[in-house]
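Data block below; observations after.
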Amino acid sequence: MAHARDALLSSDIDEYLRVHEHKSLLRFITCGSVDDGKSTLIGRLLYESHLVFEDHLAALEVDSRQVGTQGGDLDFALLVDGLAAEREQGITIDVAYRFFSTERRKFIVADTPGHEQYTRNMVTGASTADVAVILIDARKGVLTQTRRHSFLVSLLGIDQVVVAVNKLDLVGYDEAVFDAIEADYRAFATELGIREITCIPMSALRGDNVVEPSPNTPWYAGPTLIEHLETVAIDAREADAPFRLPVQWVNRPDLDFRGFSGQIVGGRVRRGDAVRALPSGRTSTVSRLVTFDGDLDEGVAGQSVTVVLDDEIDVSRGDVLCADDAPADVADQFEAHVVWMHDDEMLPGRPYLMKLGTQTVGVTFSAPKYTVNVNTLEHLAARTLRLNEIGVCALATDRPVVFDPYADNRDLGGFVVIDRVTNATVGAGLVHFALRRSKNISWQRLDVTADARAALNGHRGGVVWLTGLSGSGKSTLANLTERRLHALGIHTFLLDGDNVRHGLNHDLGFTDADRVENIRRVAEVAALMADAGLVVLVSFISPFRAERELARKVVGPTRFVEVFVDTPLDVAEQRDPKGLYARARRGEIANFTGIDSPYE
Amino acid sequence: MTAPLTHLQRLEAESIQIMREAVAESERPVMLYSIGKDSSVMLRLAQKAFHPSVPPFPLLHVDTTWKFRAMYELREQAAADAGMELLVHQNPDCLAQGIDPFTHGSAVHTDMWKTEGLKQALDKWGFDAAFGGARRDEEKSRAKERVFSIRSAQHRWDPKQQRPELWRTYNVRRSVGETMRVFPLSNWTELDIWQYIHLEDIAIVPLYLAAPRPVVERNGTLIMVDDARMPLASGEMPEMRSVRFRTLGCYPLTGAVESEADTLPAVIQEMLLTTTSERQGRMIDFDSSGSMEKKKQEGYF
Ligand SMILES: Nc1nc2c(ncn2[C@@H]2O[C@H](COP(=O)(O)OP(=O)(O)O)[C@@H](O)[C@H]2O)c(=O)[nH]1
């Protein structure tokens, strides 16, 4: 590619620019285990497309002589490796993006390390890729890692895979080796639903079949890696999907103009098309497609536009404009693949935020139906999700969400999970389908209402939630308060953490997941009692802010009072009414709040 | 049927999406405007993102008083053309102490004027999101930079707090006091920038094109004598040479390259044919290895 380009570049720069202005853009991800030759391959691609500058090249020559593995020849891996400084700084989420181009295409390569944190990194890199290049060392063939990479690639919806059978120079460019690996790979990859597989015999180091067809593989008639990447079809799926535009921003420069700005993430839209705004379901007609460069007749997937509608229907950020005859789905309960990306495990029942398209909503997860062993694809039982684990979960949102199944539309089927307290991105998910439970179970209509019960009781129901360290005085306060309330003729009930653990929650232990479930059950019971008209006093250590938030949500904020019994740790420890602190200090009780588990 | 989108159309659409997302989810956004070619492209993209509205944020120039005169001229013009408010901040401590690159050295100069100046400006106006024109292709260590980069209340960049970015679904949430830097040009390369400027006919500082200019040679670098503040060694005489600049900053710290390329296509041609990396002309990188990384942690961007 380099030579043809140089000729035009030096002879006719204007023509050269015209050619390059009409390039398309392909994003791909490279996957390989350590030492499969990934860095060497990327380094070579950069080098061949003349993106390595002379000063870098000079440095590379020096480095190659000093630390290279190629006996003084250029070691391309050094072009992309050698970020030791970064590694020392503890950057753990490492997806590097690199760029090169040919006359036909610009390429963005997501380069993910094969080893540590592979799931999180690969999922991140694959989320924006059109194509995956999976490297296999010809001497080793299809390995466990190859399966893992292929599974993650297919999970993220990449259905075009290039298998680069690398280091063929080390097996004497043997056709039989290549054929065996290709057969092996196809056998299991078809199961994963990967639509298109292209296997290429290669030596990244020597340059065989990377850019130029290799004289060493006369038996191979297929494309070189670059030829393939230059011609593989892109955008088709996005463009053929039904029209979708998640509204990012309402554009109102003055009273006469009101447009909805966003990027088209599916299909196409023309002036005059009927569209439906979800979740409201209102319909309207597109009157203008506004851009800085003038109005468009048609907008296609990938473009950022501003849509003006015929009538003044109410649309705001988070809404999705859809083709009227093929609208997206709206639901508040889903099944999804969830990939956990944080050191703190996912806790079923704990409230998180999720962002899908331009919508941000509250979400809780059920315990996983199962997790997937990414190496064997086995399904395993699990109660939580830990860092780099992938599970299938049911999830419930606190508002209806506009979505498409991930298989149909990545942008409206993929979501990120955000911790409510730290705002960190802790996970990502891929929606399979809506669980229709929210529509199937309608509430039993009740004739005797909360109001009616309150009238009979002479007061409303509610929940007073006492939280604080063990020994802080919660039970004492709850007891005294209940006596006073009782004396005033108020219907009360006291729920004590320790007592509940003997009955309703006797099956729960003290892991984080069990603590959340413990709280959830108590909150639900308290809510029912409050419905019944009682004033419920709950005495519960409840050390995690998120769990108290959960209780508040379950009960309803208007009838929930949180009381923090603010006794300092040393005072509580001195009291130690049940001798628990002493035991925790001796290491006999694990996860004891205040000692080796935090109170938030 | 519409033709498939070109790579520049895709990059443009992506940058617009990023800017809209940042604006929708922040209270006081600002665009860091350095008057260079990347800033010029970023400004045009902002106009495109919010048209027919004027971009709903001001431009901020963290000034060092040592920029090329031609840059100050374009600064006023570009802001006026876009109809945007232009804020200029000059670190008052630097003004008081008269910090300059000649007596204090480039490291102190850059740190005090730019790094400290930027933090002061962000605090002064209470900005919670700042657009910057950095690109991932600029150097090896930027290849992993996020599009949305979270900074502590002290403007520090903590590599461990950076978030994975999937699809185009950016987590833009911040805790109280935290701010973010947003890099809409992350996926653009130097060539993309030049092509876009050419295609869109975007105004750039004329210094990018070759012309006869007065320069002196120091340590193998050609420095333009842009005003009388430049101290000349005895016997040192500025000479007129045909030069242009690949990157623009403070004139005493920015090396020129000898060139006859006085049109944009010629510059692009030269850039593609003679291949030394862009940052070579930017002296801050030479101070110490990994210095970009360090500057970032200190809040340079
Ligand atoms: N013989 C041969 N060696 C290769 C080839 N590709 C890579 N290597 C070598 O394999 C080793 C690991 O390569 P590297 O690119 O660092 O692997 P990475 O860990 O996947 O990035 C290095 O010593 C490379 O020089 C190839 O096609 N043939």
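Within each chain, counting starts at residue 1; across the structure tokens, chains are named A, B, ... in the order shown, with ligands numbered 1 upward in that order.
Every residue having at least one atom no farther than 7 Å from ligand 1 is included below, with only C-alpha atoms and all ligand atoms taken into account: Gly32, Ser33, Val34, Asp35, Asp36, Gly37, Lys38, Ser39, Thr40, Leu41, Thr69, Gln70, Asp75, Ala77, Asn166, Lys167, Leu168, Asp169, Leu170, Met202, Ser203, Ala204, Leu205 and Arg206 of chain A.
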Sorted by chain and rising residue number, which residues of chain B lie within 6 Å of chain A, and what are their closest atom pairs and distances in Å to one decimal, counting only C-alpha atoms, as a tab-separated table?
residue	atom	partner	partner_atom	distance
B:Thr6	CA	A:Ser24	CA	4.5
B:His7	CA	A:Ser24	CA	4.6
B:Ala13	CA	A:Ser304	CA	5.0
B:Lys48	CA	A:Phe292	CA	5.0
B:His51	CA	A:Phe292	CA	5.6
B:Ser53	CA	A:Pro253	CA	4.7
B:Ala143	CA	A:Ala96	CA	4.9
B:Lys144	CA	A:Ala96	CA	4.4
B:Pro159	CA	A:Ile91	CA	5.4
B:Lys160	CA	A:Ile91	CA	5.8
B:Arg163	CA	A:Thr425	CA	5.9
B:Leu166	CA	A:Thr124	CA	5.1
B:Trp167	CA	A:Ser127	CA	5.2
B:Arg173	CA	A:Asn423	CA	5.9
B:Thr275	CA	A:Phe53	CA	4.8
B:Thr276	CA	A:Phe53	CA	4.8
B:Ser277	CA	A:Phe53	CA	5.5
Residues within 9 Å of Arg147 of chain A, please, as an MDAnalysis selection string. Count only C-alpha atoms; anything in the same chain fewer than 6 positions from it doesn't count. chainID A and resid 185 188:189 374:377
Hey, what does DSSP flag as strand (DSSP E or B) within segment 102-269 of chain B? Can you give it to me as a PyMOL selection string? chain B and resi 129-131+148-151+157+166+169+179-182+211-218+221-224+239-244+250+254-258
With N, CA and C atoms retained, export the selected residues as a compact mmCIF listing (two decimals), in the first residue's frame.
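What ended up in again.txt:
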# COMPACT_ATOMS: atom_id res chain seq x y z
N ALA B 129 -16.72 21.11 33.45
CA ALA B 129 -16.34 20.26 32.31
C ALA B 129 -15.55 21.13 31.34
N ALA B 130 -14.40 20.65 30.92
CA ALA B 130 -13.56 21.43 30.01
C ALA B 130 -13.19 20.59 28.80
N PHE B 131 -13.53 21.11 27.61
CA PHE B 131 -13.14 20.43 26.37
C PHE B 131 -11.68 20.73 26.07
N PHE B 148 -13.73 10.87 28.27
CA PHE B 148 -14.15 11.63 29.45
C PHE B 148 -13.20 11.26 30.59
N SER B 149 -12.44 12.24 31.03
CA SER B 149 -11.41 11.97 32.02
C SER B 149 -11.76 12.71 33.31
N ILE B 150 -11.91 11.96 34.38
CA ILE B 150 -12.37 12.56 35.64
C ILE B 150 -11.18 13.12 36.41
N ARG B 151 -11.35 14.31 36.97
CA ARG B 151 -10.30 14.93 37.78
C ARG B 151 -10.83 15.21 39.17
N TRP B 157 -5.26 13.97 38.11
CA TRP B 157 -5.67 12.84 37.27
C TRP B 157 -5.18 11.59 37.97
N LEU B 166 -17.48 2.14 27.09
CA LEU B 166 -18.06 1.18 26.15
C LEU B 166 -19.02 1.88 25.21
N THR B 169 -21.54 5.13 25.15
CA THR B 169 -22.30 5.37 26.38
C THR B 169 -21.33 5.82 27.47
N THR B 179 -14.28 17.37 38.54
CA THR B 179 -14.55 17.96 37.24
C THR B 179 -14.15 16.95 36.17
N MET B 180 -14.41 17.29 34.92
CA MET B 180 -13.95 16.39 33.88
C MET B 180 -13.33 17.14 32.72
N ARG B 181 -12.36 16.45 32.10
CA ARG B 181 -11.80 16.93 30.86
C ARG B 181 -12.42 16.06 29.77
N VAL B 182 -12.80 16.69 28.69
CA VAL B 182 -13.46 15.96 27.62
C VAL B 182 -12.66 16.15 26.34
N ALA B 211 6.56 31.03 5.24
CA ALA B 211 6.78 32.42 4.81
C ALA B 211 8.15 32.82 5.35
N PRO B 212 8.76 33.84 4.76
CA PRO B 212 10.04 34.30 5.31
C PRO B 212 9.82 34.92 6.69
N ARG B 213 10.55 34.44 7.67
CA ARG B 213 10.36 34.95 9.03
C ARG B 213 11.73 35.08 9.69
N PRO B 214 11.86 36.02 10.63
CA PRO B 214 13.15 36.20 11.30
C PRO B 214 13.37 35.11 12.35
N VAL B 215 14.43 34.35 12.21
CA VAL B 215 14.68 33.27 13.17
C VAL B 215 16.14 33.27 13.62
N VAL B 216 16.35 32.69 14.79
CA VAL B 216 17.71 32.39 15.24
C VAL B 216 17.78 30.89 15.51
N GLU B 217 18.99 30.34 15.40
CA GLU B 217 19.11 28.91 15.62
C GLU B 217 19.71 28.66 16.99
N ARG B 218 19.01 27.87 17.81
CA ARG B 218 19.51 27.56 19.16
C ARG B 218 19.42 26.06 19.41
N THR B 221 17.53 24.18 17.03
CA THR B 221 16.12 24.51 16.84
C THR B 221 16.01 25.94 16.33
N LEU B 222 15.10 26.13 15.37
CA LEU B 222 14.90 27.48 14.84
C LEU B 222 13.81 28.17 15.66
N ILE B 223 14.19 29.27 16.28
CA ILE B 223 13.23 30.03 17.09
C ILE B 223 12.96 31.36 16.40
N MET B 224 11.66 31.66 16.29
CA MET B 224 11.30 32.91 15.61
C MET B 224 11.39 34.08 16.59
N GLU B 239 17.95 35.92 11.20
CA GLU B 239 18.02 35.93 9.74
C GLU B 239 16.68 35.49 9.17
N MET B 240 16.38 35.98 7.99
CA MET B 240 15.10 35.64 7.36
C MET B 240 15.23 34.27 6.71
N ARG B 241 14.35 33.37 7.10
CA ARG B 241 14.33 32.08 6.44
C ARG B 241 12.88 31.68 6.19
N SER B 242 12.68 30.89 5.17
CA SER B 242 11.32 30.43 4.89
C SER B 242 11.01 29.27 5.83
N VAL B 243 10.13 29.53 6.79
CA VAL B 243 9.82 28.51 7.80
C VAL B 243 8.31 28.42 8.02
N ARG B 244 7.92 27.31 8.61
CA ARG B 244 6.55 27.18 9.10
C ARG B 244 6.59 26.40 10.41
N CYS B 250 4.15 28.85 22.97
CA CYS B 250 4.86 30.08 23.28
C CYS B 250 6.01 30.20 22.29
N THR B 254 8.88 27.23 20.75
CA THR B 254 8.34 26.50 19.63
C THR B 254 9.31 26.53 18.46
N GLY B 255 9.75 25.36 18.05
CA GLY B 255 10.70 25.30 16.95
C GLY B 255 10.01 25.37 15.60
N ALA B 256 10.62 26.07 14.66
CA ALA B 256 10.11 26.14 13.29
C ALA B 256 10.82 25.11 12.43
N VAL B 257 10.19 24.74 11.32
CA VAL B 257 10.89 23.89 10.36
C VAL B 257 11.08 24.69 9.08
N GLU B 258 12.19 24.48 8.43
CA GLU B 258 12.43 25.14 7.14
C GLU B 258 11.51 24.51 6.11
Fewer than 5 positions away in the same chain doesn't count, so skip those; otherwise give me all residues within 10 Å of Asp273 of chain A, counting only C-alpha atoms, as number ranges by chain. A: 268, 284-287, 298, 309, 323-324
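Proximity to Leu118 of chain B was assessed for B:Pro92, B:Pro55, B:Pro101, B:Pro164 counting only C-alpha atoms; the smallest distance is recorded for B:Pro92.
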Residues near Pro279 of chain A, anyone? I mean within 7 Å using only C-alpha atoms, not counting same-chain ones fewer than 3 positions away, as a short mmCIF file (atom, residue, chain, number, x, y, z; two decimals) with all heavy atoms, in the first residue's frame.
data_model
loop_
_atom_site.label_atom_id
_atom_site.label_comp_id
_atom_site.auth_asym_id
_atom_site.auth_seq_id
_atom_site.Cartn_x
_atom_site.Cartn_y
_atom_site.Cartn_z
N ASP A 319 -35.36 10.57 25.76
CA ASP A 319 -36.36 9.98 24.86
C ASP A 319 -35.67 9.46 23.61
O ASP A 319 -34.57 9.87 23.27
CB ASP A 319 -37.41 11.04 24.46
CG ASP A 319 -38.27 11.45 25.64
OD1 ASP A 319 -38.11 10.85 26.73
OD2 ASP A 319 -39.10 12.36 25.48
N VAL A 330 -40.40 -0.79 25.22
CA VAL A 330 -40.30 -0.06 26.48
C VAL A 330 -40.63 -1.04 27.60
O VAL A 330 -41.64 -1.74 27.53
CB VAL A 330 -41.31 1.11 26.53
CG1 VAL A 330 -41.16 1.87 27.85
CG2 VAL A 330 -41.10 2.05 25.35
N VAL A 402 -36.44 2.73 27.25
CA VAL A 402 -36.59 2.44 25.81
C VAL A 402 -35.36 1.65 25.36
O VAL A 402 -34.24 2.08 25.59
CB VAL A 402 -36.67 3.74 25.00
CG1 VAL A 402 -36.96 3.43 23.53
CG2 VAL A 402 -37.72 4.68 25.58
#
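The two atoms in question, atom CA of Phe592 of chain A and atom CA of Ala526 of chain A, are spaced 24.7 Å apart.
Atom pair atom CA of Val571 of chain A / atom CA of Pro543 of chain A has a distance of 17.3 Å (rounded to one decimal).
Distances here use only C-alpha atoms; by that measure, the residue among B:Asp123, B:Arg44, B:Gln154, B:Arg246 closest to Ser259 of chain B is B:Arg246.
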In segment 175-270 of chain B, what's alpha helix (DSSP H) per DSSP? Answer as number ranges by chain? B: 190-200, 264-270
Output C-alpha atoms for every residue in that selection, as a compact mmCIF listing (two decimals), in the first residue's frame.
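out.txt written:
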# COMPACT_ATOMS: atom_id res chain seq x y z
CA GLU B 190 -2.80 14.76 12.63
CA LEU B 191 -3.63 13.99 9.01
CA ASP B 192 -7.36 13.94 9.76
CA ILE B 193 -7.05 17.38 11.34
CA TRP B 194 -5.28 18.84 8.33
CA GLN B 195 -7.68 17.24 5.88
CA TYR B 196 -10.64 18.57 7.78
CA ILE B 197 -9.21 22.08 7.91
CA HIS B 198 -8.64 21.87 4.17
CA LEU B 199 -12.06 20.46 3.40
CA GLU B 200 -13.96 22.83 5.69
CA LEU B 264 -2.38 23.78 2.96
CA PRO B 265 -2.06 20.92 0.44
CA ALA B 266 1.66 21.58 0.26
CA VAL B 267 1.90 21.44 4.05
CA ILE B 268 0.03 18.16 4.09
CA GLN B 269 2.25 16.82 1.37
CA GLU B 270 5.35 17.80 3.25
Surrounding residues of segment 81-86 of chain B excluding itself and chain neighbours under 4 positions, 7 Å, only C-alpha atoms, as a JSON list (two decimals) with N, CA and C atoms, in the first residue's frame:
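Saved to around_24.json:
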[["chain", "number", "residue", "atom", "x", "y", "z"],
["B", 54, "VAL", "N", -25.83, 29.05, 19.28],
["B", 54, "VAL", "CA", -24.41, 29.30, 19.48],
["B", 54, "VAL", "C", -23.95, 28.29, 20.53],
["B", 58, "PRO", "N", -18.47, 29.23, 26.96],
["B", 58, "PRO", "CA", -17.47, 30.18, 26.51],
["B", 58, "PRO", "C", -16.19, 29.48, 26.07],
["B", 59, "LEU", "N", -15.33, 30.23, 25.37],
["B", 59, "LEU", "CA", -13.97, 29.77, 25.08],
["B", 59, "LEU", "C", -13.06, 30.29, 26.18],
["B", 60, "LEU", "N", -12.12, 29.47, 26.58],
["B", 60, "LEU", "CA", -11.17, 29.91, 27.60],
["B", 60, "LEU", "C", -9.75, 29.79, 27.06],
["B", 77, "GLN", "N", -10.59, 37.13, 16.50],
["B", 77, "GLN", "CA", -11.39, 36.95, 15.29],
["B", 77, "GLN", "C", -12.26, 35.71, 15.37]]
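When only C-alpha atoms are used to compute distances to Val338 of chain A, the closest of the residues A:Asn457, A:Thr119, A:Asn409, A:Thr198 turns out to be A:Thr119.
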Could you pull the residues within 10 Å of Arg142 of chain B, counting only C-alpha atoms, minus those fewer than 4 positions along the same chain, as a list in words? Ala96, Tyr97 and Arg98 of chain A; Ala134, Arg135, Arg136, Asp137, Glu138, Arg146, Ser186, Met292 and Glu293 of chain B
Taking C-alpha atoms for each residue, export the selection above as a compact mmCIF listing (two decimals), in the first residue's frame.
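Resulting contents of part.txt:
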# COMPACT_ATOMS: atom_id res chain seq x y z
CA ALA A 96 -4.94 1.36 23.80
CA TYR A 97 -6.32 2.87 20.60
CA ARG A 98 -4.01 3.13 17.62
CA ALA B 134 -5.78 16.40 22.72
CA ARG B 135 -5.55 13.42 20.37
CA ARG B 136 -4.62 9.84 21.13
CA ASP B 137 -2.16 9.67 18.25
CA GLU B 138 -0.03 12.47 19.67
CA ARG B 146 -10.30 8.22 27.96
CA SER B 186 -9.50 11.57 20.72
CA MET B 292 3.49 14.59 29.38
CA GLU B 293 2.22 11.97 31.76
Would you compute the distance between atom CA of Ser34 of chain B and atom CA of Gln9 of chain B? Give it in Å to one decimal. 24.0 Å
